[in-house]
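Peer 1: Hey, dropping structure-v1.cif in here, mmCIF, C-alpha atoms and all ligand atoms:
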```
data_run
loop_
_atom_site.label_atom_id
_atom_site.label_comp_id
_atom_site.auth_asym_id
_atom_site.auth_seq_id
_atom_site.Cartn_x
_atom_site.Cartn_y
_atom_site.Cartn_z
CA MET A 1 -8.73 3.84 27.88
CA SER A 2 -8.00 6.76 25.62
CA LYS A 3 -4.61 5.30 24.74
CA LEU A 4 -6.26 2.05 23.77
CA TYR A 5 -8.53 3.97 21.40
CA SER A 6 -5.57 5.69 19.81
CA VAL A 7 -3.71 2.39 19.36
CA VAL A 8 -6.61 0.34 18.02
CA ARG A 9 -7.78 3.03 15.60
CA LEU A 10 -4.19 4.04 14.75
CA LYS A 11 -4.99 7.67 15.53
CA CYS A 12 -2.78 10.49 16.72
CA PRO A 13 -2.11 10.02 20.47
CA ARG A 14 -2.61 13.72 21.17
CA CYS A 15 -5.87 14.61 19.39
CA HIS A 16 -7.31 11.16 18.48
CA LYS A 17 -8.43 12.62 15.14
CA GLY A 18 -5.47 12.58 12.78
CA ASN A 19 -4.31 9.30 11.26
CA LEU A 20 -0.94 7.88 12.28
CA PHE A 21 -0.47 6.31 8.86
CA THR A 22 -0.84 7.84 5.44
CA LYS A 23 -2.69 4.86 3.95
CA PRO A 24 -5.58 3.31 5.88
CA ASN A 25 -4.93 -0.11 4.31
CA PRO A 26 -1.98 -1.90 6.01
CA TYR A 27 -1.59 -4.10 2.94
CA SER A 28 -0.86 -1.35 0.47
CA PHE A 29 2.67 -2.70 0.33
CA LYS A 30 4.58 0.30 -0.90
CA ASN A 31 3.22 2.78 1.63
CA SER A 32 2.21 0.43 4.43
CA LEU A 33 4.48 2.07 7.02
CA LYS A 34 4.41 5.58 5.59
CA MET A 35 3.50 8.12 8.26
CA PRO A 36 2.99 11.84 7.92
CA ASP A 37 5.75 13.91 9.59
CA ARG A 38 3.13 15.70 11.64
CA CYS A 39 -0.48 15.14 12.62
CA LEU A 40 -2.71 16.75 10.01
CA VAL A 41 -5.18 17.79 12.71
CA CYS A 42 -3.16 18.99 15.73
CA ASN A 43 0.36 19.24 14.26
CA GLN A 44 1.80 16.75 16.76
CA ASP A 45 5.28 15.66 15.63
CA PHE A 46 5.11 11.97 14.59
CA GLN A 47 8.88 11.66 14.01
CA ILE A 48 9.88 12.71 17.49
CA GLU A 49 13.55 12.01 16.83
CA PRO A 50 15.58 10.27 14.09
CA GLY A 51 15.04 6.52 14.29
CA PHE A 52 12.23 6.99 16.79
CA TYR A 53 10.37 3.89 15.63
CA ILE A 54 13.32 1.55 16.06
CA GLY A 55 12.15 1.45 19.67
CA ALA A 56 8.78 0.20 18.43
CA LEU A 57 10.40 -3.21 18.03
CA TRP A 58 10.02 -3.49 21.80
CA THR A 59 6.29 -2.91 21.57
CA SER A 60 5.59 -5.11 18.55
CA PHE A 61 7.60 -8.03 19.97
CA PRO A 62 5.14 -8.66 22.85
CA ILE A 63 2.29 -8.64 20.31
CA VAL A 64 4.06 -11.41 18.38
CA ILE A 65 4.62 -13.39 21.58
CA PHE A 66 0.97 -12.97 22.50
CA ILE A 67 -0.26 -14.17 19.09
CA MET A 68 2.16 -17.13 19.13
CA THR A 69 1.04 -18.16 22.60
CA PHE A 70 -2.60 -17.89 21.61
CA LEU A 71 -2.09 -19.89 18.39
CA SER A 72 0.03 -22.51 20.15
CA VAL A 73 -2.70 -23.24 22.67
CA LEU A 74 -5.42 -23.13 20.02
CA LEU A 75 -3.69 -25.28 17.38
CA LEU A 76 -1.71 -27.71 19.54
CA VAL A 77 -4.06 -28.21 22.47
CA PHE A 78 -7.50 -27.82 20.92
CA VAL A 79 -7.04 -28.59 17.22
CA LYS A 80 -4.24 -31.11 18.03
CA MET A 81 -2.39 -30.09 14.92
CA GLN A 82 0.80 -31.95 13.97
CA LEU A 83 3.95 -30.04 14.87
CA GLU A 84 5.16 -29.80 11.25
CA TRP A 85 1.90 -28.22 10.14
CA PHE A 86 1.80 -26.04 13.19
CA PHE A 87 5.08 -24.38 12.20
CA VAL A 88 3.89 -23.88 8.63
CA VAL A 89 0.60 -22.35 9.75
CA ILE A 90 2.13 -20.13 12.43
CA THR A 91 4.74 -18.81 9.97
CA ILE A 92 2.10 -17.97 7.39
CA ILE A 93 -0.16 -16.28 9.94
CA LEU A 94 2.60 -14.21 11.54
CA PHE A 95 4.00 -13.24 8.16
CA SER A 96 0.63 -12.10 6.86
CA LEU A 97 -0.13 -10.19 10.06
CA GLN A 98 3.24 -8.44 10.00
CA PRO A 99 2.02 -5.07 8.59
CA ILE A 100 -0.70 -4.86 11.24
CA ILE A 101 1.66 -5.89 14.05
CA ILE A 102 4.24 -3.27 13.07
CA ARG A 103 1.56 -0.57 12.89
CA LEU A 104 0.17 -1.49 16.30
CA GLY A 105 3.68 -1.59 17.73
CA ARG A 106 4.35 1.92 16.47
CA ALA A 107 1.02 3.20 17.75
CA ILE A 108 1.74 1.81 21.23
CA TRP A 109 5.25 3.23 21.10
CA ILE A 110 4.21 6.81 20.31
CA ASN A 111 1.45 6.57 22.93
CA ILE A 112 4.12 5.96 25.57
CA PHE A 113 5.61 9.37 24.80
CA VAL A 114 2.61 11.47 23.78
CA ASP A 115 -0.50 11.96 25.88
CA PHE A 116 -4.02 12.84 24.89
CA ASP A 117 -4.55 16.57 25.21
CA VAL A 118 -8.07 17.99 25.29
CA GLU A 119 -6.69 21.54 25.24
CA THR A 120 -5.08 20.94 21.86
CA MET A 121 -8.37 19.97 20.32
CA SER A 122 -10.46 22.80 21.71
CA SER A 123 -7.88 25.36 20.63
CA ALA A 124 -7.68 23.79 17.16
CA GLU A 125 -11.45 23.92 16.81
CA ASN A 126 -11.53 27.59 17.72
CA LYS A 127 -9.22 28.53 14.86
ZN ZN A 201 -3.21 14.98 16.31
#
```
How does this structure look as C-alpha cells?
Ligand SMILES: [Zn+2]

Peer 2:
Amino acid sequence: MSKLYSVVRLKCPRCHKGNLFTKPNPYSFKNSLKMPDRCLVCNQDFQIEPGFYIGALWTSFPIVIFIMTFLSVLLLVFVKMQLEWFFVVITIILFSLQPIIIRLGRAIWINIFVDFDVETMSSAENK
C-alpha cells in the first residue's frame, strides 16, 4: 500500500515526503523528467547508479500495454471505432500521456529498490 502511495503521488519511496521530480507539472517540457540527485527531505539517493532509470523502461512498458489493452476494448468493442481512427486516436493518447507514463515507470522502478523507512522520518524530524 505504501509503495502505491509513493508511486501515485510521485514521492520519495523512503520518506514519502520529498518529491521525486523537480517540477510538479509533467508537461513542463524542458524539465519534465528532471529529478533532484537526492531527496530534499530524507537525503535518499535518487540516482542510485549511473543509468539507473534505463531499467525503468521495464516498468513503464507494462503501463503502456495496460492502457493499450484498455483503450482497445473501449474503442473497438464498445465504441466500435473504425480501425484507421483507432490507430490515430491511440497514437495521440499514448503520445500525450508519455510524460506521465515515464514518471510513473520511474517511480515504480525506484520503489523496487528503496523501501519506506519510518526510522528515517522520525530521526529527520528530531533534528
Ligand atoms: Zn525522502

Peer 1: To one decimal place in Å, what is the distance between CA of Lys11 in chain A and atom ZN of ligand ZN 201 (chain A)?

Peer 2: 7.6 Å

Peer 1: Please extract the residues at most 8 Å from ligand ZN 201 (chain A), counting only C-alpha atoms and all ligand atoms, and provide them as a list in words, using the chain letters and residue numbers of this document.

Peer 2: Lys11, Cys12, Pro13, Arg14, Cys15, His16, Lys17, Gly18, Asn19, Arg38, Cys39, Leu40, Val41, Cys42, Asn43 and Gln44 of chain A

Peer 1: Identify, on the basis of all atoms listed in the file, every residue whose closest approach to Ile93 in chain A does not exceed 10 Å; exclude the query and any residue fewer than 4 positions from it along the same chain; express the result as a PyMOL selection string.

Peer 2: chain A and resi 67-68+71+87-89+97-98

Peer 1: Quick check, in Å to one decimal: how far apart do CA of Pro62 in chain A and CA of Tyr5 in chain A lie?

Peer 2: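 Value for the CA of Pro62 in chain A-CA of Tyr5 in chain A distance: 18.7 Å.
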
Peer 1: Looking at all atoms listed in the file, which of A:Leu94, A:Leu83, A:Ser6, A:Arg106 is the one that sits closest to Phe66 in chain A?

Peer 2: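 Residue with the minimum atom-to-atom distance to Phe66 in chain A: A:Leu94.
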
Peer 1: So the first atom is CA of Val8 in chain A and the second is CA of Phe21 in chain A; what is the distance between them in Å, to one decimal place?

Peer 2: 12.5 Å

Peer 1: Please list, as a ChimeraX atom specification, the residues that have an atom at most 12 Å away from (-6.1, -3.1, 4.5) in the coordinates of this file, counting all atoms listed in the file.

Peer 2: /A:21,23-29,31-32,96-97,99-100,103

Peer 1: Smallest atom-to-atom distance to Val7 in chain A: which of A:Val64, A:Ala107, A:Ile92, A:Met35, using all atoms listed in the file?

Peer 2: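 Selected residue with least distance to Val7 in chain A: A:Ala107.
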